[in-house]
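J.: One file: start_25.pdb (PDB, C-alpha atoms).
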MODEL        1
ATOM      1  CA  MET P1283      39.365 -13.484   8.688  1.00  0.00           C
ATOM      2  CA  VAL P1284      39.687 -14.708  12.219  1.00  0.00           C
ATOM      3  CA  LYS P1285      42.421 -17.135  13.112  1.00  0.00           C
ATOM      4  CA  VAL P1286      41.582 -19.580  15.878  1.00  0.00           C
ATOM      5  CA  GLU P1287      44.332 -20.916  18.073  1.00  0.00           C
ATOM      6  CA  ILE P1288      44.164 -23.386  20.917  1.00  0.00           C
ATOM      7  CA  VAL P1289      45.912 -21.965  23.950  1.00  0.00           C
ATOM      8  CA  GLU P1290      47.145 -24.429  26.512  1.00  0.00           C
ATOM      9  CA  GLU P1291      46.608 -23.287  30.071  1.00  0.00           C
ATOM     10  CA  LYS P1292      49.573 -23.298  32.365  1.00  0.00           C
ATOM     11  CA  ASP P1293      47.620 -23.233  35.566  1.00  0.00           C
ATOM     12  CA  GLN P1294      45.532 -26.351  36.318  1.00  0.00           C
ATOM     13  CA  GLN P1295      43.642 -24.557  39.121  1.00  0.00           C
ATOM     14  CA  SER P1296      42.070 -21.997  36.780  1.00  0.00           C
ATOM     15  CA  SER P1297      41.173 -24.684  34.221  1.00  0.00           C
ATOM     16  CA  VAL P1298      39.013 -26.521  36.764  1.00  0.00           C
ATOM     17  CA  ASN P1299      36.856 -23.420  37.365  1.00  0.00           C
ATOM     18  CA  SER P1300      36.602 -22.517  33.698  1.00  0.00           C
ATOM     19  CA  PRO P1301      33.326 -23.294  31.882  1.00  0.00           C
ATOM     20  CA  TYR P1302      35.366 -24.279  28.832  1.00  0.00           C
ATOM     21  CA  ALA P1303      37.478 -26.833  30.619  1.00  0.00           C
ATOM     22  CA  SER P1304      37.237 -30.468  29.626  1.00  0.00           C
ATOM     23  CA  THR P1305      38.816 -33.604  30.954  1.00  0.00           C
ATOM     24  CA  SER P1306      39.816 -34.769  27.511  1.00  0.00           C
ATOM     25  CA  SER P1307      42.619 -33.029  25.674  1.00  0.00           C
ATOM     26  CA  SER P1308      41.297 -33.908  22.235  1.00  0.00           C
ATOM     27  CA  ARG P1309      40.376 -31.076  19.933  1.00  0.00           C
ATOM     28  CA  HIS P1310      37.061 -32.684  19.010  1.00  0.00           C
ATOM     29  CA  SER P1311      35.644 -32.593  22.536  1.00  0.00           C
ATOM     30  CA  SER P1312      36.697 -28.968  23.031  1.00  0.00           C
ATOM     31  CA  GLN P1313      34.958 -27.987  19.795  1.00  0.00           C
ATOM     32  CA  GLU P1314      31.789 -29.709  20.992  1.00  0.00           C
ATOM     33  CA  SER P1315      31.827 -27.844  24.293  1.00  0.00           C
ATOM     34  CA  LEU P1316      32.465 -24.503  22.554  1.00  0.00           C
ATOM     35  CA  SER P1317      29.662 -25.087  20.062  1.00  0.00           C
ATOM     36  CA  SER P1318      27.207 -25.905  22.847  1.00  0.00           C
ATOM     37  CA  ILE P1319      28.103 -22.701  24.688  1.00  0.00           C
ATOM     38  CA  SER P1320      27.905 -20.551  21.552  1.00  0.00           C
ATOM     39  CA  SER P1321      24.480 -21.990  20.701  1.00  0.00           C
ATOM     40  CA  GLU P1322      23.238 -21.002  24.156  1.00  0.00           C
ATOM     41  CA  LEU P1323      24.505 -17.457  23.642  1.00  0.00           C
ATOM     42  CA  SER P1324      22.985 -17.138  20.186  1.00  0.00           C
ATOM     43  CA  ALA P1325      19.568 -18.083  21.565  1.00  0.00           C
ATOM     44  CA  GLU P1326      19.622 -14.947  23.719  1.00  0.00           C
ATOM     45  CA  GLU P1327      20.993 -12.795  20.900  1.00  0.00           C
ATOM     46  CA  THR P1328      18.500 -10.786  18.876  1.00  0.00           C
ATOM     47  CA  LEU P1329      18.598  -9.886  15.209  1.00  0.00           C
ATOM     48  CA  TYR P1330      19.304  -6.276  16.138  1.00  0.00           C
ATOM     49  CA  ASP P1331      22.356  -7.372  18.152  1.00  0.00           C
ATOM     50  CA  ARG P1332      23.675  -9.351  15.205  1.00  0.00           C
ATOM     51  CA  LEU P1333      23.159  -6.452  12.772  1.00  0.00           C
ATOM     52  CA  ASN P1334      24.744  -4.077  15.252  1.00  0.00           C
ATOM     53  CA  ALA P1335      27.797  -6.342  15.409  1.00  0.00           C
ATOM     54  CA  LEU P1336      28.108  -6.133  11.617  1.00  0.00           C
ATOM     55  CA  VAL P1337      28.814  -2.399  11.842  1.00  0.00           C
ATOM     56  CA  ASP P1338      32.518  -3.049  12.360  1.00  0.00           C
ATOM     57  CA  ILE P1339      32.704  -5.215   9.245  1.00  0.00           C
ATOM     58  CA  VAL P1340      31.375  -2.565   6.832  1.00  0.00           C
ATOM     59  CA  PRO P1341      33.841   0.281   6.138  1.00  0.00           C
ATOM     60  CA  PRO P1342      32.805   3.793   7.252  1.00  0.00           C
ATOM     61  CA  THR P1343      32.628   5.184   3.702  1.00  0.00           C
ATOM     62  CA  THR P1344      30.287   2.389   2.645  1.00  0.00           C
ATOM     63  CA  ARG P1345      28.170   2.874   5.769  1.00  0.00           C
ATOM     64  CA  HIS P1346      27.930   6.593   5.038  1.00  0.00           C
ATOM     65  CA  ARG P1347      26.965   5.934   1.399  1.00  0.00           C
ATOM     66  CA  ILE P1348      24.291   3.426   2.464  1.00  0.00           C
ATOM     67  CA  SER P1349      22.976   5.800   5.114  1.00  0.00           C
ATOM     68  CA  THR P1350      22.819   8.665   2.625  1.00  0.00           C
ATOM     69  CA  ASN P1351      21.003   6.569   0.021  1.00  0.00           C
ATOM     70  CA  VAL P1352      18.478   5.295   2.572  1.00  0.00           C
ATOM     71  CA  SER P1353      17.797   8.808   3.877  1.00  0.00           C
ATOM     72  CA  LYS P1354      17.361  10.105   0.313  1.00  0.00           C
ATOM     73  CA  ALA P1355      14.948   7.273  -0.491  1.00  0.00           C
ATOM     74  CA  THR P1356      12.862   7.876   2.630  1.00  0.00           C
ATOM     75  CA  SER P1357      12.694  11.624   2.008  1.00  0.00           C
ATOM     76  CA  PHE P1358      11.669  10.962  -1.615  1.00  0.00           C
ATOM     77  CA  VAL P1359       8.910   8.588  -0.492  1.00  0.00           C
ATOM     78  CA  LYS P1360       7.674  11.088   2.115  1.00  0.00           C
ATOM     79  CA  THR P1361       7.695  13.993  -0.341  1.00  0.00           C
ATOM     80  CA  SER P1362       5.986  11.986  -3.087  1.00  0.00           C
ATOM     81  CA  GLY P1363       3.346  10.767  -0.660  1.00  0.00           C
ATOM     82  CA  ARG P1364       2.659  14.316   0.467  1.00  0.00           C
ATOM     83  CA  VAL P1365       2.427  15.621  -3.126  1.00  0.00           C
ATOM     84  CA  ILE P1366       0.210  12.739  -4.272  1.00  0.00           C
ATOM     85  CA  GLY P1367      -2.005  13.239  -1.228  1.00  0.00           C
ATOM     86  CA  ASN P1368      -2.389  16.936  -2.022  1.00  0.00           C
ATOM     87  CA  ILE P1369      -3.223  16.182  -5.655  1.00  0.00           C
ATOM     88  CA  VAL P1370      -5.845  13.606  -4.653  1.00  0.00           C
ATOM     89  CA  TRP P1371      -7.335  16.102  -2.166  1.00  0.00           C
ATOM     90  CA  ILE P1372      -7.563  18.826  -4.839  1.00  0.00           C
ATOM     91  CA  VAL P1373      -9.146  16.484  -7.386  1.00  0.00           C
ATOM     92  CA  THR P1374     -11.750  15.089  -4.987  1.00  0.00           C
ATOM     93  CA  THR P1375     -12.770  18.459  -3.565  1.00  0.00           C
ATOM     94  CA  SER P1376     -12.973  19.944  -7.058  1.00  0.00           C
ATOM     95  CA  ALA P1377     -15.114  17.038  -8.199  1.00  0.00           C
ATOM     96  CA  LEU P1378     -17.422  17.513  -5.245  1.00  0.00           C
ATOM     97  CA  LEU P1379     -17.671  21.288  -5.561  1.00  0.00           C
ATOM     98  CA  VAL P1380     -17.991  21.431  -9.363  1.00  0.00           C
ATOM     99  CA  GLY P1381     -19.035  17.999 -10.567  1.00  0.00           C
ATOM    100  CA  LEU P1382     -21.822  17.218  -8.106  1.00  0.00           C
ATOM    101  CA  PRO P1383     -23.864  20.397  -8.735  1.00  0.00           C
ATOM    102  CA  LEU P1384     -23.312  19.967 -12.477  1.00  0.00           C
ATOM    103  CA  ALA P1385     -24.563  16.376 -12.366  1.00  0.00           C
ATOM    104  CA  LEU P1386     -27.618  17.402 -10.327  1.00  0.00           C
ATOM    105  CA  SER P1387     -28.473  20.224 -12.741  1.00  0.00           C
ATOM    106  CA  LEU P1388     -28.142  17.882 -15.747  1.00  0.00           C
ATOM    107  CA  GLU P1389     -30.456  15.404 -14.063  1.00  0.00           C
ATOM    108  CA  ASP P1390     -33.016  18.136 -13.354  1.00  0.00           C
ATOM    109  CA  GLU P1391     -32.795  19.312 -16.970  1.00  0.00           C
ATOM    110  CA  ALA P1392     -33.423  15.765 -18.196  1.00  0.00           C
ATOM    111  CA  LYS P1393     -36.509  15.535 -15.957  1.00  0.00           C
ATOM    112  CA  ILE P1394     -37.859  18.840 -17.304  1.00  0.00           C
ATOM    113  CA  VAL P1395     -37.353  17.703 -20.919  1.00  0.00           C
ATOM    114  CA  ALA P1396     -39.166  14.434 -20.181  1.00  0.00           C
ATOM    115  CA  GLN P1397     -42.086  16.317 -18.602  1.00  0.00           C
ATOM    116  CA  GLU P1398     -42.322  18.644 -21.621  1.00  0.00           C
ATOM    117  CA  ARG P1399     -42.450  15.656 -23.986  1.00  0.00           C
ATOM    118  CA  GLU P1400     -45.151  14.056 -21.883  1.00  0.00           C
ATOM    119  CA  MET P1401     -47.219  17.264 -21.863  1.00  0.00           C
ATOM    120  CA  MET P1402     -46.889  17.615 -25.653  1.00  0.00           C
ATOM    121  CA  ALA P1403     -47.995  14.007 -26.099  1.00  0.00           C
ATOM    122  CA  GLN P1404     -51.028  14.630 -23.882  1.00  0.00           C
ATOM    123  CA  GLN P1405     -51.932  17.783 -25.824  1.00  0.00           C
ATOM    124  CA  GLN P1406     -51.687  15.941 -29.135  1.00  0.00           C
ATOM    125  CA  GLY P1407     -53.868  13.153 -27.757  1.00  0.00           C
ATOM    126  CA  ALA P1408     -56.470  15.652 -26.572  1.00  0.00           C
ATOM    127  CA  GLN P1409     -56.495  17.404 -29.961  1.00  0.00           C
ATOM    128  CA  GLN P1410     -57.068  14.123 -31.772  1.00  0.00           C
ATOM    129  CA  VAL P1411     -59.974  13.266 -29.487  1.00  0.00           C
ATOM    130  CA  THR P1412     -61.694  16.651 -29.893  1.00  0.00           C
ATOM    131  CA  TYR P1413     -60.884  17.127 -33.592  1.00  0.00           C
ATOM    132  CA  PRO P1414     -60.960  13.771 -35.417  1.00  0.00           C
ATOM    133  CA  PRO P1415     -59.155  13.691 -38.780  1.00  0.00           C
ATOM    134  CA  ALA P1416     -61.164  14.502 -41.876  1.00  0.00           C
ATOM    135  CA  PRO P1417     -62.568  11.494 -43.795  1.00  0.00           C
ATOM    136  CA  GLY P1418     -60.593  12.294 -46.948  1.00  0.00           C
ATOM    137  CA  SER P1419     -57.224  12.671 -45.253  1.00  0.00           C
ATOM    138  CA  ASN P1420     -54.584   9.974 -45.550  1.00  0.00           C
ATOM    139  CA  GLN P1421     -53.755  10.021 -41.846  1.00  0.00           C
ATOM    140  CA  THR P1422     -54.647   6.886 -39.890  1.00  0.00           C
ATOM    141  CA  PRO P1423     -56.063   7.457 -36.434  1.00  0.00           C
ATOM    142  CA  GLN P1424     -53.998   6.311 -33.457  1.00  0.00           C
ATOM    143  CA  LYS P1425     -55.306   3.420 -31.372  1.00  0.00           C
ATOM    144  CA  GLY P1426     -55.009   5.382 -28.119  1.00  0.00           C
ATOM    145  CA  ILE P1427     -52.379   7.064 -26.097  1.00  0.00           C
ATOM    146  CA  VAL P1428     -49.028   5.342 -26.459  1.00  0.00           C
ATOM    147  CA  PRO P1429     -46.669   5.706 -23.513  1.00  0.00           C
ATOM    148  CA  PRO P1430     -43.213   7.121 -24.295  1.00  0.00           C
ATOM    149  CA  GLY P1431     -40.712   4.538 -25.461  1.00  0.00           C
ATOM    150  CA  PHE P1432     -43.253   2.217 -27.183  1.00  0.00           C
TER     151      PHE P1432
ENDMDL
END
Could you show the structure in this file as structure tokens?
T.:
Amino acid sequence: MVKVEIVEEKDQQSSVNSPYASTSSSRHSSQESLSSISSELSAEETLYDRLNALVDIVPPTTRHRISTNVSKATSFVKTSGRVIGNIVWIVTTSALLVGLPLALSLEDEAKIVAQEREMMAQQQGAQQVTYPPAPGSNQTPQKGIVPPGF
């Protein structure tokens, strides 16, 4: 803790030139003048300056421990980011190199199967037109070509 003492000046000449000098000897007026000066100084002071001044308050062993923990945390974050980035790169390139051609070939296969079904349906329709069913058979004739899915 800081102990504040009021020091009486012996020399009146130096007290006239001092920015802290006051005409009143009361403690209240001197505290007001000191608070106004300190508020002017704190306006120019940055957050970095204030944190830098706190260095003397924290013991060196604690500062070293904090510094070590922060450096470990940053290196862990950097390493994890690098590893996760590499994993994402491997997965995406593998998906593009393997998955995209596979998906395209499956789509082509589905198109070929659909075309084969359509051709078989057309052939069956043509056979029914050229060879009508026998009159004694139990099969009912179709009412025309039915599109797939109906």
J.: Could you check how far atom CA of Pro1383 of chain P sits from atom CA of Gly1367 of chain P, in Å to one decimal?
T.: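 Atom-to-atom, atom CA of Pro1383 of chain P to atom CA of Gly1367 of chain P, that is 24.2 Å.
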J.: Between atom CA of Ala1392 of chain P and atom CA of Gln1404 of chain P, what is the distance in Å, rounded to a tenth?
T.: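 Those two atoms sit 18.5 Å apart.
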J.: Could you jot down the atom CA of Val1428 of chain P to atom CA of Ala1403 of chain P separation for me, Å, one decimal place?
T.: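 Here the two named atoms are 8.7 Å from each other.
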